[in-house]
Amino acid sequence: MMMKMKSKIYHNICMMAVITMVLVTMVTAFLFCGDLQKQMKQEVRAELRYLSAAMETDPQGFLSRLSGRGDGNAVNRITWISEDGEVLYDSYSDEESMENHAQRPEVLQALSTGRGDSTRLSDTLSEQTYYSALRLSDGTVIRVASTTRSGFAVLVQTIPWMVIMAIVIFAGTFSFARVQTRQIVRPINEMDLDHPDPEKVYDELSPLIRRIEKQNETIVSQMAEIWQKQEEFTAITENMEEGFIIVDSHAEVISFNSSAIRILGVNMMNRDGRPANVLDLNRSNAFRQVVDQALGGHHSEQKLELNGSFYQIIANPVHVSANKGNGAVVMILDVTEREYREEMRREFTANVSHELKTPLTSISGYAEIMQNGMVHPEDMSRFSGKIYSEAQRLISLVNDIIRLSQLDEGKQDVEKSKVDLYMAASRTLDYLKETAKKAEISLCLKGKPVVIEGVSAILDEMIYNLCDNAIKYNRPDGYVIVTVRKENGHPILKVEDNGIGIPDADQPRVFERFYRVDKSHSRQIGGTGLGLSIVKHAAIYHNARIELSSKVGKGTTITITFPTL
């Protein structure tokens with residue numbers, strides 16, 4: 001930029017110097033020629049006056065003496081012309097060989113008015129001749145002519161000197177321009193654009209300094225705003241659980257957050273500055289389709305399974321420009337919980353249908369037999385008992401489903417109050433005493449009163465389901481021990497049995513709805529498969545934590561830890 005500026009300054013100064021020199025030379029030459037011609041005309045006219053005075057006295061004698069001087073053509077040319085234009089005398093040529101001068105402008109004018117003047121250029125334009133004529137008293141005309149160089153000739157004669165002067169002026173101007181250019185450009189080159197100092201530059205640069213300062217302030221303000229927005233954007237995206245990726249029209253990654261890298265399980269380090277292609281992050285068909293459709297200008301969604309988790313990939317096009325095409329914003333949402341809940345919903349629907357169908361089929365079958373009179377009177381009581389038993393099972397199932405739904409949705413009309421866990425456990429064991437006796441299971445309550453804040457009915461149902469399961473999945477001469485105490489300030493409810501136990505593979509799922517470890521045994525004892533699920537949701541309702549410990553053939557221990565008051 002500065003080299004172009006210096007070159008322009010050199011060129012402009014040198015051109016200005018040369019143009020000025022040419023113009024000055026031409027004007028000087030023409031002024032000099034004009035002044036010379038003026039002086040020459042004055043001399044010719046003065047000489048003509050002297051000649052006319054001498055010619056009036058003795059023409060022949062004067063011309064004889066003039067010819068006898070031997071001046072030749074070294075002086076002004078003198079011509080004597082008669083009234084009819086015949087040349088009577090000429091100081092340069094033989095008058096007898098000269099043509100008639102009657103039509104010469106100066107002669108015509110002198111014969112007419114007494115005086116005439118004219119100027120004629122030579123054929124080569126190098127000389128011009130001035131003629132001045134005066135009519136004498138006898139009617140003849142005396143004429144004086146003086147030849148000088150023309151203005152054009154003078155100008156042509158000065159060309160070599162002009163070239164020499166141009167070279168000298170150009171060399172001097174170039175040196176001067178170089179020095180001046182350095183002085184002009186030096187403050188600009190040495191200027192600190194970030195912090196310009198007006199005192200270190202000449203006054204003509206002050207407007208530029210002010211513009212630079214204003215521009216710097218604008219740039220600093222804009223950079224601060226951009227940096228702030230970048231910080232905000234980074235803070236937002238880095239605190240997102242969802243993955244976030246921005247790609248350009250060539251599918252190269254422009255920006256991403258740590259969640260995207262964590263979810264996709266890729267390493268973005270050690271790329272040696274090379275831009276990452278979005279397909280380097282994941283090469284699955286679903287991921288590629290989403291990105292391709294977004295870059296094509298269309299919204300797209302796909303599900304992707306990674307490491308046992310499910311993710312919703314959502315890509316939207318971002319229009320950059322007509323030349324650069326579309327970029328894309330890719331969001332990666334973790335929908336594992338949603339997929340899990342959807343799977344649970346499907347299982348729940350299937351299980352509910354199956355659990356309701358079984359007792360209803362039995363009730364319908366027994367009722368149909370009775371309706372057709374195919375039951376002996378003595379068997380009527382047994383068939384009625386079967387229908388009643390299946391109806392009770394159906395009612396129990398519906399009640400458990402309703403209770404579970406209420407706990408799941410948090411719809412409880414009863415406000416929480418202070419409840420003694422020890423007393424609640426005691427009431428439950430008293431209620432199950434006959435059931436345990438029939439199963440040959442001993443019941444034991446240990447601990448001391450512990451008060452928590454909760455809903456008594458829900459806590460009773462939770463303890464009942466824990467103890468009922470411990471009795472059902474036990475063995476003859478087994479035991480169920482319920483312990484209520486405090487540990488580290490937290491109320492603890494623990495139900496322990498020495499029953500059949502739960503296999504390790506089934507332990508993570510025993511709190512799911514309708515999940516049974518031994519389906520044949522569960523059918524036999526009449527369980528609905530919702531007991532432990534109700535326990536789980538009751539614990540969640542009270543912000544409690546459940547721990548399960550079980551060994552096959554040795555028994556099961558379930559511990560519920562409540563929050564402190």
# chains A, B, ... in the order shown; residues from 1 in each chain; ligands from 1

$ residues_around --residues "region 489-491 of chain A" --least-positions-apart "4" --cutoff "7 Å" --atoms "only C-alpha atoms" --output "list of chain:residue names"
A:Val450, A:Arg485, A:Thr561, A:Phe562, A:Pro563, A:Thr564

$ write_last_selection --atoms "C-alpha atoms" --output "short mmCIF file (atom, residue, chain, number, x, y, z; two decimals), in the first residue's frame"
data_model
loop_
_atom_site.label_atom_id
_atom_site.label_comp_id
_atom_site.auth_asym_id
_atom_site.auth_seq_id
_atom_site.Cartn_x
_atom_site.Cartn_y
_atom_site.Cartn_z
CA VAL A 450 -39.20 -43.32 64.95
CA ARG A 485 -34.43 -47.42 63.94
CA THR A 561 -34.00 -44.79 54.29
CA PHE A 562 -36.19 -41.75 54.93
CA PRO A 563 -35.05 -38.12 55.03
CA THR A 564 -34.67 -36.43 58.39
#

$ residues_around --residues "region 309-316 of chain A" --least-positions-apart "5" --cutoff "12 Å" --atoms "only C-alpha atoms" --output "mmCIF file with N, CA and C atoms, in the first residue's frame"
data_model
loop_
_atom_site.group_PDB
_atom_site.id
_atom_site.type_symbol
_atom_site.label_atom_id
_atom_site.label_comp_id
_atom_site.auth_asym_id
_atom_site.auth_seq_id
_atom_site.Cartn_x
_atom_site.Cartn_y
_atom_site.Cartn_z
ATOM 1 N N GLU A 241 -27.235 -30.341 28.448
ATOM 2 C CA GLU A 241 -27.111 -31.792 28.475
ATOM 3 C C GLU A 241 -27.191 -32.348 27.057
ATOM 4 N N GLU A 242 -27.867 -31.609 26.183
ATOM 5 C CA GLU A 242 -28.019 -32.051 24.806
ATOM 6 C C GLU A 242 -26.749 -31.767 24.019
ATOM 7 N N GLY A 243 -26.475 -32.608 23.051
ATOM 8 C CA GLY A 243 -25.361 -32.375 22.154
ATOM 9 C C GLY A 243 -25.705 -31.288 21.139
ATOM 10 N N PHE A 244 -24.715 -30.475 20.794
ATOM 11 C CA PHE A 244 -24.942 -29.332 19.897
ATOM 12 C C PHE A 244 -23.777 -29.249 18.922
ATOM 13 N N ILE A 245 -24.102 -29.294 17.607
ATOM 14 C CA ILE A 245 -23.067 -29.262 16.577
ATOM 15 C C ILE A 245 -23.511 -28.308 15.466
ATOM 16 N N ILE A 246 -22.587 -27.464 15.005
ATOM 17 C CA ILE A 246 -22.844 -26.580 13.861
ATOM 18 C C ILE A 246 -21.881 -26.970 12.749
ATOM 19 N N VAL A 247 -22.416 -27.200 11.540
ATOM 20 C CA VAL A 247 -21.584 -27.564 10.394
ATOM 21 C C VAL A 247 -21.828 -26.580 9.258
ATOM 22 N N ALA A 260 -21.915 -33.094 23.041
ATOM 23 C CA ALA A 260 -21.950 -33.814 21.764
ATOM 24 C C ALA A 260 -20.784 -34.800 21.676
ATOM 25 N N ILE A 263 -21.447 -37.702 24.108
ATOM 26 C CA ILE A 263 -22.486 -38.624 23.637
ATOM 27 C C ILE A 263 -21.969 -39.484 22.489
ATOM 28 N N LEU A 264 -21.298 -38.836 21.526
ATOM 29 C CA LEU A 264 -20.826 -39.573 20.350
ATOM 30 C C LEU A 264 -19.555 -40.357 20.630
ATOM 31 N N ASN A 282 -19.720 -39.521 13.666
ATOM 32 C CA ASN A 282 -20.546 -40.731 13.667
ATOM 33 C C ASN A 282 -20.864 -41.086 12.219
ATOM 34 N N SER A 284 -22.941 -43.637 11.241
ATOM 35 C CA SER A 284 -24.147 -44.450 11.094
ATOM 36 C C SER A 284 -25.029 -43.895 9.989
ATOM 37 N N ASN A 285 -25.853 -44.753 9.432
ATOM 38 C CA ASN A 285 -26.734 -44.353 8.338
ATOM 39 C C ASN A 285 -27.736 -43.292 8.784
ATOM 40 N N ALA A 286 -28.268 -43.436 10.005
ATOM 41 C CA ALA A 286 -29.253 -42.469 10.514
ATOM 42 C C ALA A 286 -28.637 -41.091 10.667
ATOM 43 N N PHE A 287 -27.425 -41.029 11.219
ATOM 44 C CA PHE A 287 -26.754 -39.744 11.419
ATOM 45 C C PHE A 287 -26.437 -39.081 10.082
ATOM 46 N N ARG A 288 -25.980 -39.873 9.127
ATOM 47 C CA ARG A 288 -25.632 -39.338 7.807
ATOM 48 C C ARG A 288 -26.871 -38.802 7.094
ATOM 49 N N GLN A 289 -27.987 -39.511 7.192
ATOM 50 C CA GLN A 289 -29.227 -39.067 6.547
ATOM 51 C C GLN A 289 -29.699 -37.735 7.119
ATOM 52 N N VAL A 290 -29.629 -37.599 8.440
ATOM 53 C CA VAL A 290 -30.069 -36.353 9.080
ATOM 54 C C VAL A 290 -29.243 -35.171 8.576
ATOM 55 N N VAL A 291 -27.919 -35.328 8.563
ATOM 56 C CA VAL A 291 -27.041 -34.231 8.140
ATOM 57 C C VAL A 291 -27.250 -33.908 6.663
ATOM 58 N N ASP A 292 -27.338 -34.941 5.818
ATOM 59 C CA ASP A 292 -27.518 -34.715 4.378
ATOM 60 C C ASP A 292 -28.814 -33.969 4.091
ATOM 61 N N GLN A 293 -29.898 -34.351 4.750
ATOM 62 C CA GLN A 293 -31.176 -33.693 4.509
ATOM 63 C C GLN A 293 -31.150 -32.246 4.992
ATOM 64 N N ALA A 294 -30.503 -31.992 6.122
ATOM 65 C CA ALA A 294 -30.404 -30.612 6.631
ATOM 66 C C ALA A 294 -29.572 -29.750 5.693
ATOM 67 N N LEU A 295 -28.456 -30.286 5.191
ATOM 68 C CA LEU A 295 -27.637 -29.526 4.248
ATOM 69 C C LEU A 295 -28.371 -29.313 2.925
ATOM 70 N N GLY A 296 -29.335 -30.185 2.648
ATOM 71 C CA GLY A 296 -30.167 -30.008 1.467
ATOM 72 C C GLY A 296 -31.302 -29.031 1.664
ATOM 73 N N GLY A 297 -31.403 -28.466 2.888
ATOM 74 C CA GLY A 297 -32.416 -27.443 3.143
ATOM 75 C C GLY A 297 -33.688 -27.957 3.787
ATOM 76 N N HIS A 298 -33.662 -29.154 4.382
ATOM 77 C CA HIS A 298 -34.882 -29.735 4.955
ATOM 78 C C HIS A 298 -34.657 -30.131 6.415
ATOM 79 N N HIS A 299 -35.693 -29.915 7.226
ATOM 80 C CA HIS A 299 -35.665 -30.381 8.616
ATOM 81 C C HIS A 299 -35.690 -31.906 8.636
ATOM 82 N N SER A 300 -34.929 -32.498 9.560
ATOM 83 C CA SER A 300 -34.853 -33.959 9.593
ATOM 84 C C SER A 300 -34.664 -34.438 11.021
ATOM 85 N N GLU A 301 -35.217 -35.621 11.315
ATOM 86 C CA GLU A 301 -35.080 -36.244 12.629
ATOM 87 C C GLU A 301 -34.858 -37.739 12.449
ATOM 88 N N GLN A 302 -34.026 -38.299 13.326
ATOM 89 C CA GLN A 302 -33.776 -39.735 13.330
ATOM 90 C C GLN A 302 -33.451 -40.167 14.758
ATOM 91 N N LYS A 303 -33.704 -41.465 15.042
ATOM 92 C CA LYS A 303 -33.318 -42.033 16.329
ATOM 93 C C LYS A 303 -32.019 -42.795 16.149
ATOM 94 N N LEU A 304 -31.170 -42.693 17.173
ATOM 95 C CA LEU A 304 -29.851 -43.323 17.111
ATOM 96 C C LEU A 304 -29.594 -44.029 18.435
ATOM 97 N N ASN A 326 -26.173 -23.893 2.275
ATOM 98 C CA ASN A 326 -26.750 -24.085 3.599
ATOM 99 C C ASN A 326 -25.763 -24.752 4.547
ATOM 100 N N GLY A 327 -25.781 -24.304 5.783
ATOM 101 C CA GLY A 327 -25.130 -25.027 6.858
ATOM 102 C C GLY A 327 -26.207 -25.802 7.605
ATOM 103 N N ALA A 328 -25.869 -26.310 8.781
ATOM 104 C CA ALA A 328 -26.850 -27.081 9.549
ATOM 105 C C ALA A 328 -26.531 -27.013 11.035
ATOM 106 N N VAL A 329 -27.578 -27.034 11.845
ATOM 107 C CA VAL A 329 -27.460 -27.138 13.297
ATOM 108 C C VAL A 329 -28.005 -28.497 13.704
ATOM 109 N N VAL A 330 -27.180 -29.285 14.383
ATOM 110 C CA VAL A 330 -27.556 -30.640 14.767
ATOM 111 C C VAL A 330 -27.688 -30.704 16.289
ATOM 112 N N MET A 331 -28.850 -31.145 16.767
ATOM 113 C CA MET A 331 -29.097 -31.329 18.192
ATOM 114 C C MET A 331 -29.196 -32.830 18.479
ATOM 115 N N ILE A 332 -28.582 -33.246 19.586
ATOM 116 C CA ILE A 332 -28.620 -34.655 19.991
ATOM 117 C C ILE A 332 -29.276 -34.714 21.368
ATOM 118 N N LEU A 333 -30.492 -35.255 21.422
ATOM 119 C CA LEU A 333 -31.268 -35.306 22.663
ATOM 120 C C LEU A 333 -31.277 -36.731 23.210
ATOM 121 N N ASP A 334 -31.006 -36.846 24.495
ATOM 122 C CA ASP A 334 -31.055 -38.152 25.151
ATOM 123 C C ASP A 334 -32.511 -38.506 25.449
ATOM 124 N N VAL A 335 -33.027 -39.521 24.749
ATOM 125 C CA VAL A 335 -34.430 -39.947 24.939
ATOM 126 C C VAL A 335 -34.482 -41.353 25.517
ATOM 127 N N THR A 336 -33.393 -41.725 26.184
ATOM 128 C CA THR A 336 -33.354 -43.068 26.767
ATOM 129 C C THR A 336 -34.483 -43.254 27.768
ATOM 130 N N GLU A 337 -34.671 -42.253 28.626
ATOM 131 C CA GLU A 337 -35.731 -42.362 29.631
ATOM 132 C C GLU A 337 -37.098 -42.426 28.955
ATOM 133 N N ARG A 338 -37.266 -41.618 27.923
ATOM 134 C CA ARG A 338 -38.555 -41.637 27.226
ATOM 135 C C ARG A 338 -38.793 -42.984 26.557
ATOM 136 N N GLU A 339 -37.749 -43.523 25.921
ATOM 137 C CA GLU A 339 -37.884 -44.836 25.299
ATOM 138 C C GLU A 339 -38.129 -45.916 26.351
ATOM 139 N N TYR A 340 -37.444 -45.767 27.501
ATOM 140 C CA TYR A 340 -37.641 -46.725 28.580
ATOM 141 C C TYR A 340 -39.082 -46.678 29.098
#

$ closest_residue --among "A:His376, A:Lys554, A:Lys418, A:Lys8" --to "Ile452 (chain A)" --atoms "only C-alpha atoms"
A:Lys418
